[in-house]
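Let me begin by presenting the structure, written as structure tokens, before commenting on it.
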Protein chains: 6
Amino acid sequence: MSDDRRGLVLDGHTRPEPEKIESLGLLGTTTVYEAQGQVGYLGTDIRPIFAGAACAGSAVTVAVPPGDNLMIHVAIELCQPGDVLVVAPQTPSKVGYVGDLIATALQARQVAGLVIDAGCRDISVIEEMGFPIWSRYVSSFGPIKESLGNVNIPIAIEGVEIAPGDAVVADQDGVVVVTMARVDEVLRQARARAANEEDKRARYAAGELSLDVNDMRGLLDRMGLRRELAGGETGER
Amino acid sequence: MSDDRRGLVLDGHTRPEPEKIESLGLLGTTTVYEAQGQVGYLGTDIRPIFAGAACAGSAVTVAVPPGDNLMIHVAIELCQPGDVLVVAPQTPSKVGYVGDLIATALQARQVAGLVIDAGCRDISVIEEMGFPIWSRYVSSFGPIKESLGNVNIPIAIEGVEIAPGDAVVADQDGVVVVTMARVDEVLRQARARAANEEDKRARYAAGELSLDVNDMRGLLDRMGLRRELAGGETGER
Amino acid sequence: MSDDRRGLVLDGHTRPEPEKIESLGLLGTTTVYEAQGQVGYLGTDIRPIFAGAACAGSAVTVAVPPGDNLMIHVAIELCQPGDVLVVAPQTPSKVGYVGDLIATALQARQVAGLVIDAGCRDISVIEEMGFPIWSRYVSSFGPIKESLGNVNIPIAIEGVEIAPGDAVVADQDGVVVVTMARVDEVLRQARARAANEEDKRARYAAGELSLDVNDMRGLLDRMGLRRELAGGETGER
Amino acid sequence: MSDDRRGLVLDGHTRPEPEKIESLGLLGTTTVYEAQGQVGYLGTDIRPIFAGAACAGSAVTVAVPPGDNLMIHVAIELCQPGDVLVVAPQTPSKVGYVGDLIATALQARQVAGLVIDAGCRDISVIEEMGFPIWSRYVSSFGPIKESLGNVNIPIAIEGVEIAPGDAVVADQDGVVVVTMARVDEVLRQARARAANEEDKRARYAAGELSLDVNDMRGLLDRMGLRRELAGGETGER
Amino acid sequence: MSDDRRGLVLDGHTRPEPEKIESLGLLGTTTVYEAQGQVGYLGTDIRPIFAGAACAGSAVTVAVPPGDNLMIHVAIELCQPGDVLVVAPQTPSKVGYVGDLIATALQARQVAGLVIDAGCRDISVIEEMGFPIWSRYVSSFGPIKESLGNVNIPIAIEGVEIAPGDAVVADQDGVVVVTMARVDEVLRQARARAANEEDKRARYAAGELSLDVNDMRGLLDRMGLRRELAGGETGER
Amino acid sequence: MSDDRRGLVLDGHTRPEPEKIESLGLLGTTTVYEAQGQVGYLGTDIRPIFAGAACAGSAVTVAVPPGDNLMIHVAIELCQPGDVLVVAPQTPSKVGYVGDLIATALQARQVAGLVIDAGCRDISVIEEMGFPIWSRYVSSFGPIKESLGNVNIPIAIEGVEIAPGDAVVADQDGVVVVTMARVDEVLRQARARAANEEDKRARYAAGELSLDVNDMRGLLDRMGLRRELAGGETGER
């Protein structure tokens, strides 16, 4: 962030309608990611800290200085029920910025979950609490509380920009972000995709081949696919 | 693969006898790996997508272009009950080539499992289905369906060559491949090894020391092992 | 280690009182790490091999040559009930030095757990046995038994020195080591910290803000934190 | 990008004044990064392919599908003298999208350099040509030319958004991006910073201590820094 | 390798004609890799230890146990002028198996270079000697000399199988391997490719666009590429 | 470090005799590492920032908080000619703690070099100055100056403990540390090793085989090494 933005906290941002976010959550990370044109995925290294974790909510964003979680405490006050706290360090870090105390405070405010591009600790207790977290590391490395960052200024994780109010969908596949302005369109596309997949799933389960269900045979022939019987070659090995 | 092999699909390869593969599966990845002379292991980064996943089967191999899963659809048609689909990208990739739809199609054909040296997605649904997958990444990154690769041409993962018909054994330790020609020999060795380990396990559980069970004391003495009482040194710390 | 120490095994080291180690274990990795001044954590890559693994004990240390687990067998004989075996390779290694047989032998001696800065295998069986292990890799790669290392000479993992008799606390957050001389002091600090956290947890759960509980508002004001209403800026996006 | 943006090429974007970009280039990556408030750095893994590489220019952005460099050819036509081509794959990739032929085409158009969050090849020839490139990998893995992406739609690398017309400064420290709207302000700040550093450098070179030059002693005392003579402790080791 | 192959050394393998290998070397790694159908590249992590390193030769292969370089000494005796020694550890390793002494011995036998999927050390001296090496690591970690491996049994690096007598081409882009049986065909294809590239390079250098030289415009139109003027959108940022 | 040690600076530690350190430096990292029993190497990821960098000196150690270089400024005052500043972050970090200004200050005090288990920046300028640095990253990510750490308390990098006054030898192979108490012994061993290697180098260069120079043939025979002529098998491929 620029110097003049350091220590800035923005409140009062708009949030998408909760039922729309809930619907996105039910559709799941990968369906939403595909429905919005294969963008918004936070990558393969942001993982849930326990099996079965899933949530969806509206982003409150925090940029934290190296190893310093002071601004997370500032952000808690701005969280509303149904929000997801999304935390990015200003430089790559393995520090465990978040533990069971912060999780307790967030859960008390009915925050839906937390995403952090750094470490998280006390994960046994947090799993017992049932508060879902996605992080890059599990890490006991401890934070300090000495420097300012920002709350609700756009941040970025793995090349994806996240602004306050963006929809966040997270499950076992990872985390995907939908820009607030696109929530309606993406929800529509995701529902269409899910319906289409439901249909395909039934046909596949009944034994139909995807080559037929998706009419791929003609394309493959035109591309020059050749089918041969395994013979001399593999026999020769 | 060479240019003249692009878009080639081989069918009709030989498979090992199913009961032999099943026996290898019961012996487990590490025992089989050791029994065949410490080769064939696909390394520490190919991991099961859920706890408890285990399978054994005969390999159907697929080489896929970057981010393109068209050839996986082609390969499904060639899969028989008890096969394991093994997929390698032509260049390293984090794309989630395989999701719940492909898993459904494979399960409908009674395929035993899938191994992929890239990403896999929709893992919650796939775990519910109970279809076991081993992959390098969990990843929502989505594939396209536009280019040709190969089916049932030998591929390689982490320096291990895998040919169609090779036996694949996968569990919580990872994945090991047994060349078709060696299945009988490896099965014999693995059974001998397992019997020997069973005996040792009982003796260790009863409190016997491995130094005695394996007659290691003489060797250690000859190598010059010295035993001393912790004294000045650690006390001085 | 220096040449003159190769093949040296030290026995008879002092151990902390078991009830103190047990108390540290109940307090947990992260609390102990914080209580001793944010040191002693073995890093984010030493992970439990199954969910729920937790243990605490007194260290028996082993330095192993590349891919060789002979010295682990030597060390078993020196283990007493309540010890934790801590293994470091002399060069970085992905070999699975430890499997279910060694786990069986350790469990028979009532060893509390094992920590290894390398690989571990047969993890399904070991999970069934309920013997807790923390390792850098799950790996079938197999060891040999041909060369000497050391037992109960200080080793180091991720920059943390571990001497025989040091207290080892391990759970889902990872592993932390407490130098034997500091066990009393750290236990006292950790209990104080836990009590303080218990109090905070209750207040957070009741809805109090951490900014108030920790009196952070004055500090933030002095540092120049500015709070603004989201307006022109985010609207302009 | 969203589906409706796939295959979109935007031309005619505004560019900063060349002499301002040149000035930023002379100040260097790290000075510019600091001057704009410690943002815009593309991270530690985007490295120059040869020693001494340095450039500055105005960004032309390309989003490429997995392993496909067709859109880079499309982008070349839009490049003007003094531009820097910045390429991001839609999913992480180790493919060498760029080789000496593309470098030749870019050099013929007096493009200042190229930044790619993937692989680059033919680097000996490119070094001889003196065309500077920053990439995540050196890689012979070859691209295909079959799918559409985008040109001059904003992309992101390591959490930094890059829009067409943004200033790009690259040297041995890596790559930093300055949003077009901030070029004037950042240039002013960077010059001030450089002047201040020049002054400090002279004083340091003359033997003055940074503790004095920066008036840090009072701060350290207030923070409670203690200075002691090495004695018992290190002597005891 | 299988148990019955441990400790096996094969001599007397066939080698390709030296002038053909030399020709491949002049064409370079990436051209050869492309000419043989985008296979045989040892990946982005096998790097030259000094700038300017380049060589081509016929493979002598060595499989080494963890941290043990005894078999490299065995292999030296089998090397002939123009060979390239290719070394793979049986398990992933960071040990520096090769230093200036082995380099001296190989240079004395007029070996063309060395490729190792592990570590190499004494690199300053080796650079002075001008003996080219490609390795995964620079590493002082030292080897032992205690266990058997194999010489001239096929090995694999990053999924590429390498047999004795295969052609190895290595330069700043990395290392590519050509199966002995394909040397003639690949040389022919590589020369054709180089000629074609030479022609394109001249046209690009003269300012022709690759879109025209490669007749890509029609394809792009059929795929639906849209070109628009940057307007509202980027201006709105 | 423990809480009561935070903010502690120790001065007046003993240093080895400069000519001994100089001698170690001439022998080189790998020779010294081997001579002291294959310990003390800081691993494969601590690399010189420019080709040809080499130095040897007596350690001044600094432990720095996350992203904070205040204590490096404190340490400069304690450096004497011939020292090497060794810096470890308290948690893993990609921040560029050190740039050309700090390098200038150190060079003015005739410090021999700097080793940092984190990032370094302004590397072009530092190379021009000829001040040698070894770091884990090249990184523009910028530090702050707000928190206390320690100077001249033992630190650890990659499992190697470094105390003030220890000898540090660094070159193109990386960095090795010799405990002060062992300097004499290691120097003696290293000289013996170098002499022995010099003799072997001459014999290898003259064409003698290492199998003969090291009398390995008998050992290999006893281990059961078999030599066969490549025949059916490789011919069959």
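Residues in the structure tokens are numbered from 1 in each chain, the chains being A, B, ... in the order shown, and ligands are numbered from 1 in the order shown.
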
Checklist entry - Tell me, which residues of region 23-237 of chain D carry DSSP strand (DSSP E), written as JSON, numbers by chain? => result {"D": [47, 48, 55, 56, 57, 58, 59, 60, 61, 62, 63, 64, 83, 84, 85, 86, 87, 88, 89, 96, 97, 98, 113, 114, 115, 116, 117, 118, 119, 120, 133, 134, 135, 136, 137, 138, 150, 151, 155, 156, 157, 160, 161, 162, 167, 168, 169, 170, 171, 174, 175, 176, 177, 178, 226, 227, 228, 229]}

Item to check | For Ile123 (chain F): contacts at 12 Å, only C-alpha atoms, fewer than 5 positions along chain excluded, given as a PyMOL selection string | outcome: (chain D and resi 28-30+51-52+171-174) or (chain F and resi 48-51+96+98-103+128-135+137-140)

Writer output for current selection, C-alpha atoms, as an mmCIF file, in the first residue's frame:
```cif
data_model
loop_
_atom_site.group_PDB
_atom_site.id
_atom_site.type_symbol
_atom_site.label_atom_id
_atom_site.label_comp_id
_atom_site.auth_asym_id
_atom_site.auth_seq_id
_atom_site.Cartn_x
_atom_site.Cartn_y
_atom_site.Cartn_z
ATOM 1 C CA GLY D 28 16.333 0.895 -9.545
ATOM 2 C CA THR D 29 13.832 -1.702 -8.408
ATOM 3 C CA THR D 30 14.332 -1.538 -4.674
ATOM 4 C CA ALA D 51 23.774 -11.136 -14.909
ATOM 5 C CA GLY D 52 23.511 -7.414 -15.545
ATOM 6 C CA ASP D 171 17.071 -5.289 -12.517
ATOM 7 C CA GLN D 172 19.160 -7.773 -10.502
ATOM 8 C CA ASP D 173 16.856 -7.373 -7.476
ATOM 9 C CA GLY D 174 13.810 -8.473 -9.491
ATOM 10 C CA PRO F 48 26.431 -16.201 -2.747
ATOM 11 C CA ILE F 49 24.778 -13.184 -4.399
ATOM 12 C CA PHE F 50 27.487 -12.919 -7.056
ATOM 13 C CA ALA F 51 29.946 -15.205 -8.836
ATOM 14 C CA GLY F 96 15.481 -8.159 2.190
ATOM 15 C CA VAL F 98 20.218 -5.952 4.044
ATOM 16 C CA GLY F 99 20.951 -3.534 1.186
ATOM 17 C CA ASP F 100 23.792 -1.416 -0.141
ATOM 18 C CA LEU F 101 23.753 1.037 2.775
ATOM 19 C CA ILE F 102 24.376 -1.616 5.385
ATOM 20 C CA ALA F 103 26.963 -3.158 3.063
ATOM 21 C CA GLU F 128 30.211 -3.477 -7.718
ATOM 22 C CA MET F 129 31.423 -2.683 -4.203
ATOM 23 C CA GLY F 130 32.843 -6.206 -4.026
ATOM 24 C CA PHE F 131 31.300 -6.858 -0.628
ATOM 25 C CA PRO F 132 30.509 -10.598 -0.449
ATOM 26 C CA ILE F 133 27.088 -11.709 0.834
ATOM 27 C CA TRP F 134 25.450 -15.134 1.162
ATOM 28 C CA SER F 135 21.661 -15.185 1.503
ATOM 29 C CA TYR F 137 16.846 -14.943 -1.166
ATOM 30 C CA VAL F 138 17.448 -11.926 -3.319
ATOM 31 C CA SER F 139 14.496 -9.782 -2.290
ATOM 32 C CA SER F 140 13.325 -6.190 -2.518
#
```

How close does chain F get to chain A? List, as CSV, each residue of chain F within 8 Å, its nearest atom pair and the distance in Å to one decimal, counting only C-alpha atoms.
```
residue,atom,partner,partner_atom,distance
F:Pro66,CA,A:Gly67,CA,5.4
F:Gly67,CA,A:Pro66,CA,5.4
F:Thr91,CA,A:Phe141,CA,6.5
F:Pro92,CA,A:Lys94,CA,6.1
F:Ser93,CA,A:Ser93,CA,5.8
F:Lys94,CA,A:Pro92,CA,6.1
F:Val95,CA,A:Thr91,CA,6.7
F:Phe141,CA,A:Thr91,CA,6.5
F:Glu146,CA,A:Glu146,CA,7.9
F:Arg237,CA,A:Arg237,CA,6.8
```

Residues from last step as file, N, CA and C atoms, as a compact mmCIF listing (two decimals), in the first residue's frame:
```txt
# COMPACT_ATOMS: atom_id res chain seq x y z
N PRO F 66 10.76 -10.63 12.96
CA PRO F 66 10.22 -10.72 11.60
C PRO F 66 10.26 -9.39 10.86
N GLY F 67 11.00 -9.33 9.76
CA GLY F 67 10.99 -8.16 8.88
C GLY F 67 11.61 -6.92 9.48
N THR F 91 11.79 -15.94 12.82
CA THR F 91 10.89 -16.83 12.07
C THR F 91 11.28 -16.72 10.60
N PRO F 92 11.05 -17.79 9.81
CA PRO F 92 11.45 -17.77 8.41
C PRO F 92 10.91 -16.53 7.70
N SER F 93 11.72 -15.89 6.87
CA SER F 93 11.32 -14.62 6.27
C SER F 93 11.95 -14.44 4.89
N LYS F 94 11.18 -13.81 3.99
CA LYS F 94 11.70 -13.47 2.66
C LYS F 94 12.07 -12.00 2.56
N VAL F 95 12.07 -11.29 3.68
CA VAL F 95 12.38 -9.86 3.64
C VAL F 95 13.85 -9.63 3.28
N PHE F 141 11.69 -7.01 -0.88
CA PHE F 141 10.77 -6.81 0.25
C PHE F 141 11.48 -6.06 1.37
N GLU F 146 11.68 -1.47 14.15
CA GLU F 146 10.81 -1.15 15.27
C GLU F 146 10.95 -2.07 16.48
N ARG F 237 16.37 -53.45 -26.31
CA ARG F 237 15.51 -52.28 -26.09
C ARG F 237 14.79 -51.85 -27.35
```

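Surrounding region 201-215 of chain C within 6 Å are A:Leu101, A:Thr104, A:Ala105, A:Ala108, C:Glu197, with only C-alpha atoms counted and residues fewer than 4 positions along the same chain left out.
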
Checklist entry - Restricting the calculation to only C-alpha atoms, which member of F:Leu148, F:Tyr97, F:Val64, F:Thr44 is positioned closest to Leu219 (chain D)? => result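 Closest to Leu219 (chain D), using only C-alpha atoms: F:Leu148.
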